[in-house]
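K.L.:
Before I ask anything, here is the structure I am working with.
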Amino acid sequence: MADPNEEGVRLQKVLAQAGIASRRNAEIMIENGRIEVNGELVTEQGRRVKPERDVIRVDGARLPPPRRHAYLVFNKPCGVVCTMDDPQGRPTITDHLTAQQRADRLYHVGRLDTDTEGMLLLTNDGDFAQRMMHPSYELAKTYVAEVEGEVTDTTVARLRRGVQLEDGAVKPDRVTLGTRTAQRSMLTVVLHEGRNRIVRRLFDAVGHPVRRLSRTQMGPVRMGQVKVGEVRELTRDELGALLDAVKL
């Protein structure tokens with residue numbers, strides 16, 4: 001039987017190809033105990049790995065496998081329908097993708113209302129998308145809402161305690177009040193809920209309809225500097241953190 005250590009690719013090469021360090025510096029990182037493979041600290045320099053299968057960590061951070069799929073962050077504009085193709089001819093996500101991105105046959109992970117802007121993940125990795133949308137791995141989502149009227153401290157406390165809706169209670173993970181005037185208030189809401197129009201329904205229930213709503217973060221991934229209507233790739237660290245979050 002072949003020695004499993006003789007299969008795969010040298011760890012130093014994998015780290016170098018991922019842009020972590022040169023091969024020599026990767027050897028130093030191994031010597032310093034900074035690299036783990038499948039939960040075990042690597043101590044030998046000749047270690048071979050299968051990067052598609054093995055879980056490699058550098059200083060505790062997950063190094064995702066070489067990308068065979070696309071993983072993108074899209075800042076959806078208000079008014080764009082959350083679909084790749086619309087028979088009614090309304091603006092869609094596809095309208096904002098390059099020819100290459102369209103050729104990659106991307107689809108969106110989860111949804112945003114047509115009148116809500118902000119973060120969507122796009123991918124062509126079916127396993128990743130299914131995990132991301134599965135209730136067992138529901139990630140926290142952060143929204144910034146501009147609502148009508150002056151939200152009082154009492155109302156903020158009510159939101160934090162949870163609000164009963166017609167299809168069940170909703171209790172945000174966090175509610176933070178920003179600026180407020182007699183005409184409008186700004187709030188940040190973090191919740192795991194995936195029910196339809198849940199943030200808008202939450203504020204309707206307390207008498208402060210949403211004027212404008214944007215999703216700014218999903219799990220460990222922040223929107224960053226992506227302008228409305230633009231797309232960027234997930235970074236190596238972001239993808240690694242998401243793979244950990246959904247246990248892939």
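Residues in the structure tokens are numbered from 1 in each chain, the chains being A, B, ... in the order shown, and ligands are numbered from 1 in the order shown.
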Listing only residues of range 62-88 of chain A within 10 Å of range 201-223 of chain A, what is the closest atom pair and its distance in Å (to one decimal) for each, using only C-alpha atoms, sorted by chain and residue number ascending, as a tab-separated table?

P.N.:
residue	atom	partner	partner_atom	distance
A:Val73	CA	A:Met223	CA	7.3
A:Phe74	CA	A:Met223	CA	8.3
A:Asn75	CA	A:Met223	CA	7.4
A:Lys76	CA	A:Ser214	CA	9.0
A:Pro77	CA	A:Ser214	CA	9.2
A:Cys78	CA	A:Ser214	CA	8.8

K.L.:
Hey, what's within 12 Å of Leu242 in chain A if we count only C-alpha atoms and toss same-chain stuff fewer than 4 positions away? As a ChimeraX atom specification, please?

P.N.:
/A:61-64,71,121,128-129,131-132,137-140,218-222,234-238,246-248

K.L.:
Pick the closest to Ala145 in chain A from A:Lys171, A:Arg34, A:Arg195, A:Arg200: which is it, counting only C-alpha atoms?

P.N.:
A:Arg200

K.L.:
Once DSSP has gone over the backbone, tell me which residues of range 19-188 of chain A are in strand (DSSP E), as a PyMOL selection string.

P.N.:
chain A and resi 35-37+40-41+48-49+56-58+61-63+71-76+107-109+117-123+141-148+163-165+168-170+174-180+184-188

K.L.:
Taking into account only C-alpha atoms, which residue in the set A:Val109, A:Leu165, A:Leu187, A:Leu120 is nearest to Met133 in chain A?

P.N.:
A:Val109

K.L.:
I'd like the contact shell of Val42 in chain A - 7 Å cut-off, only C-alpha atoms, skipping same-chain residues fewer than 4 positions apart - returned as a list in words.

P.N.:
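That gives Ile30, Gly33, Ile35, Glu36 and Val37 of chain A.
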
K.L.:
Please, could you write that set of residues out with N, CA and C atoms as a PDB file, in the first residue's frame?

P.N.:
ATOM      1  N   ILE A  30       6.095  26.641   9.420  1.00  0.00           N
ATOM      2  CA  ILE A  30       5.909  25.281   9.927  1.00  0.00           C
ATOM      3  C   ILE A  30       6.783  25.062  11.154  1.00  0.00           C
ATOM      4  N   GLY A  33       5.364  26.396  14.272  1.00  0.00           N
ATOM      5  CA  GLY A  33       4.102  25.835  14.749  1.00  0.00           C
ATOM      6  C   GLY A  33       2.875  26.637  14.382  1.00  0.00           C
ATOM      7  N   ILE A  35       1.087  26.233  11.417  1.00  0.00           N
ATOM      8  CA  ILE A  35       0.274  25.572  10.406  1.00  0.00           C
ATOM      9  C   ILE A  35      -0.377  24.310  10.967  1.00  0.00           C
ATOM     10  N   GLU A  36      -1.668  24.139  10.706  1.00  0.00           N
ATOM     11  CA  GLU A  36      -2.401  22.933  11.080  1.00  0.00           C
ATOM     12  C   GLU A  36      -3.021  22.310   9.831  1.00  0.00           C
ATOM     13  N   VAL A  37      -3.080  20.995   9.826  1.00  0.00           N
ATOM     14  CA  VAL A  37      -3.785  20.267   8.771  1.00  0.00           C
ATOM     15  C   VAL A  37      -4.745  19.294   9.436  1.00  0.00           C
TER      16      VAL A  37
END

K.L.:
Let's see if you can do this: from backbone DSSP, list all helix (DSSP H, G or I) residues in range 130-224 of chain A, as a PyMOL selection string.

P.N.:
chain A and resi 130-133+135-137+153-161+198-205

K.L.:
Write the residues of the preceding selection, restricted to C-alpha atoms, as a PDB file, in the first residue's frame.

P.N.:
ATOM      1  CA  GLN A 130     -27.321  24.958  -0.068  1.00  0.00           C
ATOM      2  CA  ARG A 131     -25.396  25.095   3.195  1.00  0.00           C
ATOM      3  CA  MET A 132     -25.575  28.882   3.307  1.00  0.00           C
ATOM      4  CA  MET A 133     -29.377  28.795   2.937  1.00  0.00           C
ATOM      5  CA  PRO A 135     -31.782  26.816   8.509  1.00  0.00           C
ATOM      6  CA  SER A 136     -29.184  24.880  10.529  1.00  0.00           C
ATOM      7  CA  TYR A 137     -26.468  27.281   9.389  1.00  0.00           C
ATOM      8  CA  ASP A 153     -35.738  54.441  23.745  1.00  0.00           C
ATOM      9  CA  THR A 154     -38.867  52.595  24.848  1.00  0.00           C
ATOM     10  CA  THR A 155     -39.434  51.354  21.299  1.00  0.00           C
ATOM     11  CA  VAL A 156     -35.808  50.263  21.003  1.00  0.00           C
ATOM     12  CA  ALA A 157     -36.207  48.266  24.218  1.00  0.00           C
ATOM     13  CA  ARG A 158     -39.352  46.664  22.799  1.00  0.00           C
ATOM     14  CA  LEU A 159     -37.508  45.680  19.616  1.00  0.00           C
ATOM     15  CA  ARG A 160     -34.715  44.145  21.657  1.00  0.00           C
ATOM     16  CA  ARG A 161     -37.172  42.092  23.710  1.00  0.00           C
ATOM     17  CA  ILE A 198     -38.911  40.431   8.168  1.00  0.00           C
ATOM     18  CA  VAL A 199     -37.136  43.746   8.900  1.00  0.00           C
ATOM     19  CA  ARG A 200     -39.841  45.827   7.262  1.00  0.00           C
ATOM     20  CA  ARG A 201     -42.560  43.886   9.078  1.00  0.00           C
ATOM     21  CA  LEU A 202     -40.697  44.314  12.355  1.00  0.00           C
ATOM     22  CA  PHE A 203     -40.690  48.107  12.066  1.00  0.00           C
ATOM     23  CA  ASP A 204     -44.265  48.212  10.765  1.00  0.00           C
ATOM     24  CA  ALA A 205     -45.289  46.383  13.941  1.00  0.00           C
TER      25      ALA A 205
END

K.L.:
Residues at most 6 Å from Gly149 in chain A, counting only C-alpha atoms, excluding those fewer than 3 positions away in the same chain, as a list in words?

P.N.:
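Within the cut-off, the hits are Ala182, Gln183 and Arg184 of chain A.
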
K.L.:
Which of these residues is nearest to Arg24 in chain A, using only C-alpha atoms: A:Thr181, A:Asn38, A:Gln100, A:Gln45?

P.N.:
A:Gln45

K.L.:
For CA of Asp59 in chain A and CA of Met29 in chain A, determine how far apart the two atoms are, in Å to one decimal place.

P.N.:
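Here the two named atoms are 9.2 Å from each other.
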
K.L.:
So which residues touch Leu97 in chain A within 9 Å, counting only C-alpha atoms, skipping near sequence neighbours fewer than 5 positions away, as an MDAnalysis selection string?

P.N.:
chainID A and resid 102 230:231

K.L.:
So that I can check the surroundings of Pro65 in chain A, please list as a list of chain:residue names every protein, DNA and RNA residue that reaches within 12 Å of it, counting only C-alpha atoms and ignoring chain neighbours fewer than 3 positions away.

P.N.:
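That gives A:Val14, A:Leu15, A:Gln17, A:Ala18, A:Val49, A:Lys50, A:Pro51, A:Glu52, A:Arg53, A:Asp54, A:Val55, A:Ile56, A:Arg57, A:Arg62, A:Arg68, A:His69, A:Arg236, A:Asp237, A:Leu239, A:Gly240, A:Leu243, A:Leu248.
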
K.L.:
Keeping only N, CA and C atoms, write the selected residues to a file as an mmCIF file, in the first residue's frame.

P.N.:
data_model
loop_
_atom_site.group_PDB
_atom_site.id
_atom_site.type_symbol
_atom_site.label_atom_id
_atom_site.label_comp_id
_atom_site.auth_asym_id
_atom_site.auth_seq_id
_atom_site.Cartn_x
_atom_site.Cartn_y
_atom_site.Cartn_z
ATOM 1 N N VAL A 14 1.636 24.505 -1.508
ATOM 2 C CA VAL A 14 0.253 24.944 -1.383
ATOM 3 C C VAL A 14 0.191 26.338 -0.768
ATOM 4 N N LEU A 15 0.960 26.552 0.280
ATOM 5 C CA LEU A 15 0.981 27.857 0.940
ATOM 6 C C LEU A 15 1.519 28.938 0.010
ATOM 7 N N GLN A 17 1.436 28.888 -3.347
ATOM 8 C CA GLN A 17 0.471 29.126 -4.412
ATOM 9 C C GLN A 17 -0.717 29.940 -3.932
ATOM 10 N N ALA A 18 -1.030 29.823 -2.640
ATOM 11 C CA ALA A 18 -2.134 30.598 -2.074
ATOM 12 C C ALA A 18 -1.728 32.027 -1.736
ATOM 13 N N VAL A 49 -0.199 17.275 1.273
ATOM 14 C CA VAL A 49 -1.618 17.469 1.536
ATOM 15 C C VAL A 49 -2.397 17.398 0.226
ATOM 16 N N LYS A 50 -3.673 17.200 0.368
ATOM 17 C CA LYS A 50 -4.594 17.291 -0.763
ATOM 18 C C LYS A 50 -5.451 18.532 -0.538
ATOM 19 N N PRO A 51 -5.083 19.647 -1.153
ATOM 20 C CA PRO A 51 -5.732 20.927 -0.831
ATOM 21 C C PRO A 51 -7.232 20.955 -1.111
ATOM 22 N N GLU A 52 -7.720 20.089 -2.002
ATOM 23 C CA GLU A 52 -9.157 20.057 -2.269
ATOM 24 C C GLU A 52 -9.929 19.429 -1.112
ATOM 25 N N ARG A 53 -9.228 18.600 -0.312
ATOM 26 C CA ARG A 53 -9.907 17.829 0.725
ATOM 27 C C ARG A 53 -9.481 18.212 2.131
ATOM 28 N N ASP A 54 -8.205 18.463 2.332
ATOM 29 C CA ASP A 54 -7.682 18.713 3.670
ATOM 30 C C ASP A 54 -8.024 20.123 4.146
ATOM 31 N N VAL A 55 -8.265 20.245 5.453
ATOM 32 C CA VAL A 55 -8.536 21.547 6.060
ATOM 33 C C VAL A 55 -7.218 22.103 6.592
ATOM 34 N N ILE A 56 -6.736 23.146 5.949
ATOM 35 C CA ILE A 56 -5.456 23.763 6.296
ATOM 36 C C ILE A 56 -5.723 25.090 6.996
ATOM 37 N N ARG A 57 -5.022 25.314 8.114
ATOM 38 C CA ARG A 57 -5.173 26.569 8.852
ATOM 39 C C ARG A 57 -3.813 27.224 9.052
ATOM 40 N N ARG A 62 -8.748 29.601 8.442
ATOM 41 C CA ARG A 62 -8.963 28.579 7.414
ATOM 42 C C ARG A 62 -8.412 29.043 6.072
ATOM 43 N N ARG A 68 -12.426 26.339 -7.585
ATOM 44 C CA ARG A 68 -12.995 25.800 -8.817
ATOM 45 C C ARG A 68 -14.300 26.513 -9.146
ATOM 46 N N HIS A 69 -14.787 27.279 -8.175
ATOM 47 C CA HIS A 69 -16.053 27.990 -8.334
ATOM 48 C C HIS A 69 -15.839 29.483 -8.093
ATOM 49 N N ARG A 236 -9.790 35.544 0.441
ATOM 50 C CA ARG A 236 -9.422 34.216 0.943
ATOM 51 C C ARG A 236 -9.903 34.028 2.372
ATOM 52 N N ASP A 237 -9.688 35.028 3.224
ATOM 53 C CA ASP A 237 -10.084 34.910 4.626
ATOM 54 C C ASP A 237 -11.603 34.848 4.768
ATOM 55 N N LEU A 239 -13.828 33.708 2.534
ATOM 56 C CA LEU A 239 -14.311 32.404 2.085
ATOM 57 C C LEU A 239 -13.983 31.323 3.108
ATOM 58 N N GLY A 240 -12.788 31.374 3.669
ATOM 59 C CA GLY A 240 -12.418 30.410 4.698
ATOM 60 C C GLY A 240 -13.338 30.480 5.897
ATOM 61 N N LEU A 243 -16.748 28.954 4.951
ATOM 62 C CA LEU A 243 -16.675 27.497 4.890
ATOM 63 C C LEU A 243 -16.711 26.903 6.291
ATOM 64 N N LEU A 248 -18.197 23.207 5.929
ATOM 65 C CA LEU A 248 -17.758 22.549 4.693
ATOM 66 C C LEU A 248 -16.245 22.354 4.728
#

K.L.:
Thr92 in chain A: which residues within 7 Å, counting only C-alpha atoms, same-chain residues fewer than 5 positions away excluded, as a list in words?

P.N.:
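Skipping anything fewer than 5 positions along the chain leaves Val80, Val81, Cys82, Thr83, Met84, Asp85 and Asp86 of chain A.
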
K.L.:
Which of these residues is nearest to Pro66 in chain A, using only C-alpha atoms: A:Ile93, A:Gly19, A:Glu40, A:Thr123?

P.N.:
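The answer is A:Gly19, which sits nearest to Pro66 in chain A.
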
K.L.:
Quick one: of A:Arg10, A:Arg180, A:Arg67, A:Arg232, who's nearest to Gly46 in chain A, counting only C-alpha atoms?

P.N.:
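Between A:Arg10, A:Arg180, A:Arg67, A:Arg232, the residue approaching Gly46 in chain A most closely is A:Arg10.
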
K.L.:
Tell me, in Å to one decimal, how far CA of Gly39 in chain A is from CA of Ala21 in chain A.

P.N.:
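Computing it gives 20.7 Å between the two atoms.
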